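Just work.tsv here, TSV, C-alpha atoms:
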```tsv
chain	number	residue	atom	x	y	z
E	9	PRO	CA	43.84	-58.15	-31.19
E	10	GLU	CA	43.59	-54.45	-30.33
E	11	PRO	CA	40.78	-53.39	-28.04
E	12	GLU	CA	38.01	-51.48	-29.81
E	13	LYS	CA	38.21	-47.72	-29.32
E	14	ASP	CA	35.37	-45.78	-27.69
E	15	LYS	CA	33.05	-43.86	-29.99
E	16	GLY	CA	30.72	-41.05	-29.04
E	17	LEU	CA	28.89	-38.02	-30.35
E	18	LYS	CA	27.16	-35.30	-28.34
E	19	VAL	CA	25.24	-32.24	-29.55
E	20	ALA	CA	24.00	-29.26	-27.55
E	21	LYS	CA	22.12	-26.14	-28.64
E	22	THR	CA	20.84	-22.95	-27.07
E	23	ASP	CA	19.65	-19.49	-28.05
E	24	SER	CA	20.44	-18.25	-24.50
E	25	ARG	CA	16.89	-16.87	-24.19
E	26	ASP	CA	13.78	-18.08	-22.40
E	27	VAL	CA	11.52	-15.38	-23.84
E	28	THR	CA	11.54	-13.42	-27.09
E	29	ARG	CA	9.17	-11.12	-28.99
E	30	PRO	CA	7.79	-11.00	-32.52
E	31	GLY	CA	10.28	-9.23	-34.79
E	32	HIS	CA	13.28	-10.03	-32.57
E	33	THR	CA	16.44	-11.80	-33.76
E	34	LEU	CA	17.76	-14.96	-32.09
E	35	THR	CA	21.04	-16.77	-32.61
E	36	TYR	CA	21.11	-20.49	-31.97
E	37	SER	CA	24.54	-21.82	-30.96
E	38	ILE	CA	25.15	-25.49	-31.70
E	39	GLU	CA	28.11	-27.43	-30.36
E	40	VAL	CA	28.94	-30.91	-31.62
E	41	GLU	CA	31.46	-32.93	-29.64
E	42	ASN	CA	33.27	-36.11	-30.60
E	43	THR	CA	33.44	-37.75	-27.17
E	44	GLY	CA	35.23	-40.84	-28.46
E	45	GLU	CA	38.72	-41.93	-29.39
E	46	VAL	CA	37.99	-42.30	-33.14
E	47	ASP	CA	38.10	-39.42	-35.65
E	48	LEU	CA	34.73	-38.86	-37.34
E	49	GLN	CA	34.73	-37.76	-40.99
E	50	ASP	CA	31.04	-37.99	-41.88
E	51	VAL	CA	29.17	-36.03	-39.21
E	52	GLN	CA	25.90	-34.52	-40.41
E	53	VAL	CA	24.21	-31.79	-38.36
E	54	VAL	CA	20.54	-31.10	-39.16
E	55	ASP	CA	18.57	-28.32	-37.46
E	56	THR	CA	14.84	-28.05	-38.15
E	57	VAL	CA	13.85	-24.44	-37.49
E	58	PRO	CA	10.23	-23.75	-36.41
E	59	GLY	CA	7.94	-22.24	-39.07
E	60	GLN	CA	7.54	-19.00	-37.07
E	61	LEU	CA	11.22	-18.20	-37.70
E	62	ILE	CA	12.95	-16.83	-40.79
E	63	VAL	CA	16.56	-18.03	-41.21
E	64	THR	CA	18.75	-14.98	-41.93
E	65	ALA	CA	22.26	-16.48	-41.62
E	66	VAL	CA	24.09	-19.77	-41.03
E	67	SER	CA	27.74	-20.37	-40.18
E	68	SER	CA	30.44	-22.63	-41.55
E	69	GLY	CA	28.96	-23.45	-44.95
E	70	GLY	CA	25.61	-24.75	-43.74
E	71	SER	CA	22.87	-25.03	-46.35
E	72	ILE	CA	19.26	-23.85	-46.00
E	73	ASP	CA	16.32	-25.75	-47.52
E	74	GLY	CA	13.09	-24.17	-46.27
E	75	GLN	CA	13.13	-24.59	-42.50
E	76	VAL	CA	15.97	-27.15	-42.47
E	77	VAL	CA	19.62	-26.13	-42.02
E	78	THR	CA	22.21	-28.84	-42.75
E	79	TRP	CA	25.96	-29.21	-42.41
E	80	ASN	CA	27.26	-32.31	-44.27
E	81	ASN	CA	30.48	-34.33	-44.02
E	82	VAL	CA	31.83	-32.49	-41.01
E	83	ALA	CA	35.14	-33.88	-39.74
E	84	ILE	CA	35.61	-33.87	-35.98
E	85	GLU	CA	38.74	-35.37	-34.49
E	86	ALA	CA	38.65	-37.55	-31.39
E	87	ASP	CA	37.92	-35.57	-28.22
E	88	GLN	CA	37.26	-32.33	-30.18
E	89	LYS	CA	34.30	-29.96	-30.63
E	90	LYS	CA	32.90	-27.93	-33.54
E	91	SER	CA	30.57	-24.97	-33.24
E	92	PHE	CA	27.84	-23.79	-35.59
E	93	SER	CA	25.27	-21.00	-35.46
E	94	ILE	CA	21.95	-20.06	-37.02
E	95	THR	CA	20.56	-16.53	-36.90
E	96	VAL	CA	16.78	-16.19	-37.22
E	97	LYS	CA	14.09	-13.54	-37.00
E	98	VAL	CA	10.80	-14.21	-35.20
E	99	LYS	CA	7.91	-13.56	-37.60
E	100	ASP	CA	5.87	-10.49	-36.66
E	101	ASN	CA	2.59	-12.44	-36.65
E	102	THR	CA	3.77	-15.09	-34.14
E	103	THR	CA	1.07	-15.47	-31.48
E	104	ASN	CA	1.52	-14.53	-27.86
E	105	GLY	CA	2.56	-17.48	-25.70
E	106	HIS	CA	3.77	-19.58	-28.66
E	107	ILE	CA	6.66	-21.94	-27.85
E	108	LEU	CA	9.44	-22.03	-30.45
E	109	HIS	CA	10.61	-25.68	-30.24
E	110	ASN	CA	13.85	-26.11	-32.18
E	111	VAL	CA	15.49	-29.53	-32.61
E	112	VAL	CA	19.01	-30.36	-33.84
E	113	VAL	CA	20.31	-33.84	-34.68
E	114	ALA	CA	23.97	-34.81	-35.15
E	115	LYS	CA	24.85	-38.21	-36.57
E	116	SER	CA	27.65	-40.31	-38.02
E	117	ASP	CA	26.31	-43.11	-40.21
E	118	ASP	CA	29.79	-44.62	-40.61
E	119	HIS	CA	30.03	-45.18	-36.85
E	120	ASP	CA	26.30	-45.61	-36.09
E	121	LEU	CA	26.23	-42.61	-33.75
E	122	LYS	CA	23.39	-40.16	-33.20
E	123	ASP	CA	22.47	-37.50	-30.64
E	124	GLU	CA	19.89	-34.72	-30.52
E	125	ASP	CA	19.08	-31.68	-28.45
E	126	SER	CA	16.36	-29.06	-28.46
E	127	ASP	CA	15.72	-25.53	-27.28
E	128	ASP	CA	12.39	-23.94	-26.31
E	129	THR	CA	11.77	-20.20	-26.30
E	130	ARG	CA	8.41	-18.58	-25.47
E	131	VAL	CA	7.13	-15.67	-27.55
E	132	GLU	CA	5.59	-12.84	-25.52
E	133	LYS	CA	4.22	-9.69	-27.07
E	134	PRO	CA	5.00	-6.55	-25.09
E	135	ALA	CA	2.20	-5.26	-22.88
E	136	VAL	CA	0.55	-2.16	-24.27
E	137	LYS	CA	-0.62	0.29	-21.63
E	138	GLY	CA	-3.74	2.25	-22.51
E	139	THR	CA	-3.43	6.02	-22.67
E	140	THR	CA	-6.26	8.52	-22.59
E	141	VAL	CA	-5.89	11.85	-24.29
E	142	VAL	CA	-8.21	14.65	-23.19
E	143	VAL	CA	-8.78	17.28	-25.83
E	144	PRO	CA	-10.55	20.33	-24.40
E	145	GLN	CA	-13.43	21.63	-26.47
E	146	PRO	CA	-13.47	25.35	-27.36
E	147	VAL	CA	-15.50	27.59	-25.05
E	148	PRO	CA	-16.63	30.97	-26.32
E	149	VAL	CA	-15.03	33.89	-24.54
E	150	THR	CA	-16.53	37.34	-24.94
E	151	ALA	CA	-14.07	40.09	-25.72
E	152	LYS	CA	-15.73	42.80	-23.64
E	153	THR	CA	-16.29	41.16	-20.30
E	154	GLY	CA	-14.05	38.12	-20.34
E	155	ALA	CA	-17.11	36.10	-19.37
E	156	GLY	CA	-16.48	32.49	-20.22
E	157	ALA	CA	-12.79	32.61	-19.28
E	158	MET	CA	-13.55	31.24	-15.84
E	159	ALA	CA	-15.71	28.55	-17.42
E	160	LEU	CA	-12.80	27.60	-19.69
E	161	ALA	CA	-10.40	27.53	-16.73
E	162	SER	CA	-12.84	25.35	-14.83
E	163	ILE	CA	-13.16	22.87	-17.69
E	164	LEU	CA	-9.40	22.69	-18.26
E	165	SER	CA	-8.44	22.29	-14.65
E	166	GLY	CA	-11.21	19.81	-13.89
E	167	ALA	CA	-10.93	17.62	-16.99
E	168	ALA	CA	-7.20	17.61	-17.56
E	169	GLY	CA	-5.79	18.47	-14.16
E	170	LEU	CA	-4.31	21.72	-15.43
E	171	VAL	CA	-3.70	24.89	-13.48
E	172	VAL	CA	-4.62	28.04	-15.38
E	173	THR	CA	-3.78	31.56	-14.23
E	174	LEU	CA	-5.94	34.28	-15.76
E	175	ARG	CA	-4.81	37.90	-15.81
E	176	LYS	CA	-7.17	40.73	-16.51
E	177	LYS	CA	-5.87	43.79	-18.38
E	178	PHE	CA	-7.22	47.19	-17.33
```

Using structure tokens, write down the structure that the file contains.
Amino acid sequence: PEPEKDKGLKVAKTDSRDVTRPGHTLTYSIEVENTGEVDLQDVQVVDTVPGQLIVTAVSSGGSIDGQVVTWNNVAIEADQKKSFSITVKVKDNTTNGHILHNVVVAKSDDHDLKDEDSDDTRVEKPAVKGTTVVVPQPVPVTAKTGAGAMALASILSGAAGLVVTLRKKF
């Protein structure tokens, strides 16, 4: 009798990011490898995308059902790899510090093989630095004497750090 051939299935995924922001786009790359000596004809790849993501594109004929992306009946020859991708957008209302935990499972029921991998990406909102705007209030200036001009210059230079040069016409 012939010795039984090795069988194996390995899946890996990454979005190549540790941190993202609301509104940003991520692309998950999935690689499924037949590590055995037997061709696989029935590989199913199922990726469950977190609810804070909107799926915008999938590769290679994958189907989308809500948050689940599936590739069915994928054929992978012995010692070969197949690549898939999912493009998503992070929802604008995703909370700061939220971890996007994304899991993919690859399996062959015919050969009783299964493997899974996951990817975690933290959502961080950009820091908003406070800005203060100083709007000077009008100061009456008399036309005859120019009285009040020095008061205006004093307010502007003191409150807003401005340098004002006043010229007097004769």

* To do: Provide the atom CA of E:Ser24 to atom CA of E:Val66 distance in Å, to one decimal place.
  =>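 Separating atom CA of E:Ser24 from atom CA of E:Val66 is a distance of 17.0 Å.
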
* **Nearest to E:Ala86, chosen from E:Leu108, E:Leu48, E:Asp120, E:Glu12, with all atoms listed in the file counted in the distances** =>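 Among E:Leu108, E:Leu48, E:Asp120, E:Glu12, it is E:Leu48 that comes nearest to E:Ala86.
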
* To do: Identify which of the residues E:Ser71, E:Ser116, E:Thr35, E:Gln52 lies closest to E:Ser93, counting all atoms listed in the file when measuring atom-to-atom distances.
  =>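 Checking each candidate against E:Ser93, we get E:Thr35 as the closest.
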
* Asked: Distance atom CA of E:Val53-atom CA of E:Gly74, one decimal place?
  ->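 So the two atoms, atom CA of E:Val53 and atom CA of E:Gly74, lie 15.6 Å apart.
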
* For E:Ser91, the nearest of the candidates E:Ala65, E:Val77, E:Ile38, E:Ala20, counting all atoms listed in the file ->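 The answer is E:Ile38, which sits nearest to E:Ser91.
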
* Find the distance between atom CA of E:Gln60 and atom CA of E:Asn110 and write it in Å to one decimal. => 10.7 Å

Distance table requested - stretch 20-60 of chain E against stretch 124-134 of chain E, cut-off 6 Å, all atoms listed in the file: one row per qualifying residue with the closest atom pair and its distance in Å to one decimal, ordered by chain and rising residue number, as a tab-separated table.
```
residue	atom	partner	partner_atom	distance
E:Ala20	CA	E:Asp125	CA	5.6
E:Thr22	CA	E:Asp127	CA	5.7
E:Asp26	CA	E:Thr129	CA	4.9
E:Val27	CA	E:Arg130	CA	4.8
E:Thr28	CA	E:Val131	CA	5.0
E:Arg29	CA	E:Val131	CA	5.2
```

* Select, from E:Val98, E:Ala135, E:Val46, E:Ile107, the residue with the minimum atom-to-atom distance to E:Ala83, counting all atoms listed in the file. =>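 Nearest candidate to E:Ala83 out of E:Val98, E:Ala135, E:Val46, E:Ile107: E:Val46.
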
* To do: Rank E:Asp117, E:Asp23, E:Asp100, E:Asp123 by their smallest atom-to-atom distance to E:Thr43, using all atoms listed in the file, and report the top residue only.
  =>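 Answer, going by the shortest atom-to-atom distance: E:Asp123.
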
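With all atoms listed in the file as the atoms that count, the residue of E:Asp50, E:Asp87, E:Asp73, E:Asp118 with the shortest distance to E:Gly16 is E:Asp87.
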
* Taking the point (35.4, -37.6, -28.7) as given in the file, collect each protein or nucleic acid residue that comes within 12 Å of it, counting all atoms listed in the file, and present the set as a PyMOL selection string. => chain E and resi 13-19+40-48+83-90+121

Using the selection just defined, write its residues with C-alpha atoms as a CSV table (one decimal), in the frame of the given file.
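What follows is the written file again17.csv:
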```
chain,number,residue,atom,x,y,z
E,13,LYS,CA,38.2,-47.7,-29.3
E,14,ASP,CA,35.4,-45.8,-27.7
E,15,LYS,CA,33.0,-43.9,-30.0
E,16,GLY,CA,30.7,-41.0,-29.0
E,17,LEU,CA,28.9,-38.0,-30.4
E,18,LYS,CA,27.2,-35.3,-28.3
E,19,VAL,CA,25.2,-32.2,-29.6
E,40,VAL,CA,28.9,-30.9,-31.6
E,41,GLU,CA,31.5,-32.9,-29.6
E,42,ASN,CA,33.3,-36.1,-30.6
E,43,THR,CA,33.4,-37.8,-27.2
E,44,GLY,CA,35.2,-40.8,-28.5
E,45,GLU,CA,38.7,-41.9,-29.4
E,46,VAL,CA,38.0,-42.3,-33.1
E,47,ASP,CA,38.1,-39.4,-35.6
E,48,LEU,CA,34.7,-38.9,-37.3
E,83,ALA,CA,35.1,-33.9,-39.7
E,84,ILE,CA,35.6,-33.9,-36.0
E,85,GLU,CA,38.7,-35.4,-34.5
E,86,ALA,CA,38.6,-37.6,-31.4
E,87,ASP,CA,37.9,-35.6,-28.2
E,88,GLN,CA,37.3,-32.3,-30.2
E,89,LYS,CA,34.3,-30.0,-30.6
E,90,LYS,CA,32.9,-27.9,-33.5
E,121,LEU,CA,26.2,-42.6,-33.8
```

Taking all atoms of stretch 120-138 of chain E that the file lists, what box with edges along x, y and z, padded by 8 Å per side, do you get, with centre and edge lengths in Å to one decimal, as lines of an AutoDock Vina configuration file?
```
center_x = 11.3
center_y = -21.7
center_z = -28.9
size_x = 46.0
size_y = 63.9
size_z = 30.5
```

* To do: Write out as a list in words which residues come within 8 Å of E:Asp55 when counting only C-alpha atoms, dropping same-chain ones fewer than 5 positions away.
  =>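 Skipping anything fewer than 5 positions along the chain leaves Val76, Val77, Thr78, Asn110, Val111, Val112 and Val113 of chain E.
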
What does stretch 12-85 of chain E look like written to a file with C-alpha atoms, as an mmCIF file, in the first residue's frame?
```
data_model
loop_
_atom_site.group_PDB
_atom_site.id
_atom_site.type_symbol
_atom_site.label_atom_id
_atom_site.label_comp_id
_atom_site.auth_asym_id
_atom_site.auth_seq_id
_atom_site.Cartn_x
_atom_site.Cartn_y
_atom_site.Cartn_z
ATOM 1 C CA GLU E 12 -0.685 8.424 2.991
ATOM 2 C CA LYS E 13 0.248 11.877 1.715
ATOM 3 C CA ASP E 14 0.618 14.830 4.082
ATOM 4 C CA LYS E 15 -2.256 17.293 4.219
ATOM 5 C CA GLY E 16 -2.157 20.823 5.560
ATOM 6 C CA LEU E 17 -3.809 24.207 5.358
ATOM 7 C CA LYS E 18 -2.518 27.512 6.714
ATOM 8 C CA VAL E 19 -4.124 30.963 6.629
ATOM 9 C CA ALA E 20 -2.584 34.333 7.491
ATOM 10 C CA LYS E 21 -4.056 37.832 7.407
ATOM 11 C CA THR E 22 -2.898 41.379 8.025
ATOM 12 C CA ASP E 23 -3.927 44.947 7.313
ATOM 13 C CA SER E 24 -0.296 46.067 7.858
ATOM 14 C CA ARG E 25 -1.466 48.673 10.393
ATOM 15 C CA ASP E 26 -1.417 48.818 14.178
ATOM 16 C CA VAL E 27 -3.417 52.046 14.390
ATOM 17 C CA THR E 28 -6.080 53.624 12.182
ATOM 18 C CA ARG E 29 -8.578 56.488 12.420
ATOM 19 C CA PRO E 30 -12.315 56.853 11.875
ATOM 20 C CA GLY E 31 -13.006 57.413 8.177
ATOM 21 C CA HIS E 32 -9.776 55.734 7.037
ATOM 22 C CA THR E 33 -9.591 52.852 4.557
ATOM 23 C CA LEU E 34 -7.862 49.556 5.382
ATOM 24 C CA THR E 35 -7.041 46.629 3.116
ATOM 25 C CA TYR E 36 -6.846 43.200 4.684
ATOM 26 C CA SER E 37 -4.550 40.789 2.830
ATOM 27 C CA ILE E 38 -5.333 37.107 3.303
ATOM 28 C CA GLU E 39 -3.020 34.318 2.205
ATOM 29 C CA VAL E 40 -4.143 30.692 2.195
ATOM 30 C CA GLU E 41 -1.464 28.042 1.775
ATOM 31 C CA ASN E 42 -1.850 24.362 0.999
ATOM 32 C CA THR E 43 1.088 23.023 3.019
ATOM 33 C CA GLY E 44 0.414 19.409 2.078
ATOM 34 C CA GLU E 45 1.048 17.047 -0.805
ATOM 35 C CA VAL E 46 -2.636 16.702 -1.798
ATOM 36 C CA ASP E 47 -4.497 19.154 -4.061
ATOM 37 C CA LEU E 48 -7.453 20.788 -2.303
ATOM 38 C CA GLN E 49 -10.573 21.542 -4.367
ATOM 39 C CA ASP E 50 -13.052 22.618 -1.697
ATOM 40 C CA VAL E 51 -11.313 25.315 0.357
ATOM 41 C CA GLN E 52 -13.686 27.823 1.922
ATOM 42 C CA VAL E 53 -12.338 31.122 3.263
ATOM 43 C CA VAL E 54 -14.626 33.052 5.634
ATOM 44 C CA ASP E 55 -13.709 36.471 7.030
ATOM 45 C CA THR E 56 -15.979 38.043 9.647
ATOM 46 C CA VAL E 57 -15.449 41.803 9.463
ATOM 47 C CA PRO E 58 -16.054 43.849 12.657
ATOM 48 C CA GLY E 59 -19.273 45.892 12.759
ATOM 49 C CA GLN E 60 -17.328 49.185 12.848
ATOM 50 C CA LEU E 61 -16.139 48.540 9.284
ATOM 51 C CA ILE E 62 -17.941 48.949 5.963
ATOM 52 C CA VAL E 63 -16.817 46.485 3.265
ATOM 53 C CA THR E 64 -16.132 48.456 0.068
ATOM 54 C CA ALA E 65 -14.432 45.800 -2.116
ATOM 55 C CA VAL E 66 -13.441 42.120 -2.157
ATOM 56 C CA SER E 67 -11.110 40.292 -4.520
ATOM 57 C CA SER E 68 -11.346 37.104 -6.539
ATOM 58 C CA GLY E 69 -15.117 36.645 -6.603
ATOM 59 C CA GLY E 70 -15.702 36.750 -2.859
ATOM 60 C CA SER E 71 -19.284 37.302 -1.733
ATOM 61 C CA ILE E 72 -20.476 39.744 0.943
ATOM 62 C CA ASP E 73 -23.349 38.954 3.317
ATOM 63 C CA GLY E 74 -23.538 41.690 5.954
ATOM 64 C CA GLN E 75 -20.223 41.560 7.811
ATOM 65 C CA VAL E 76 -19.196 38.147 6.420
ATOM 66 C CA VAL E 77 -17.036 37.797 3.298
ATOM 67 C CA THR E 78 -16.807 34.274 1.823
ATOM 68 C CA TRP E 79 -14.858 32.583 -0.939
ATOM 69 C CA ASN E 80 -16.246 29.098 -1.749
ATOM 70 C CA ASN E 81 -14.799 26.055 -3.532
ATOM 71 C CA VAL E 82 -11.321 27.487 -3.903
ATOM 72 C CA ALA E 83 -8.857 25.077 -5.512
ATOM 73 C CA ILE E 84 -5.310 25.195 -4.175
ATOM 74 C CA GLU E 85 -2.744 22.764 -5.504
#
```
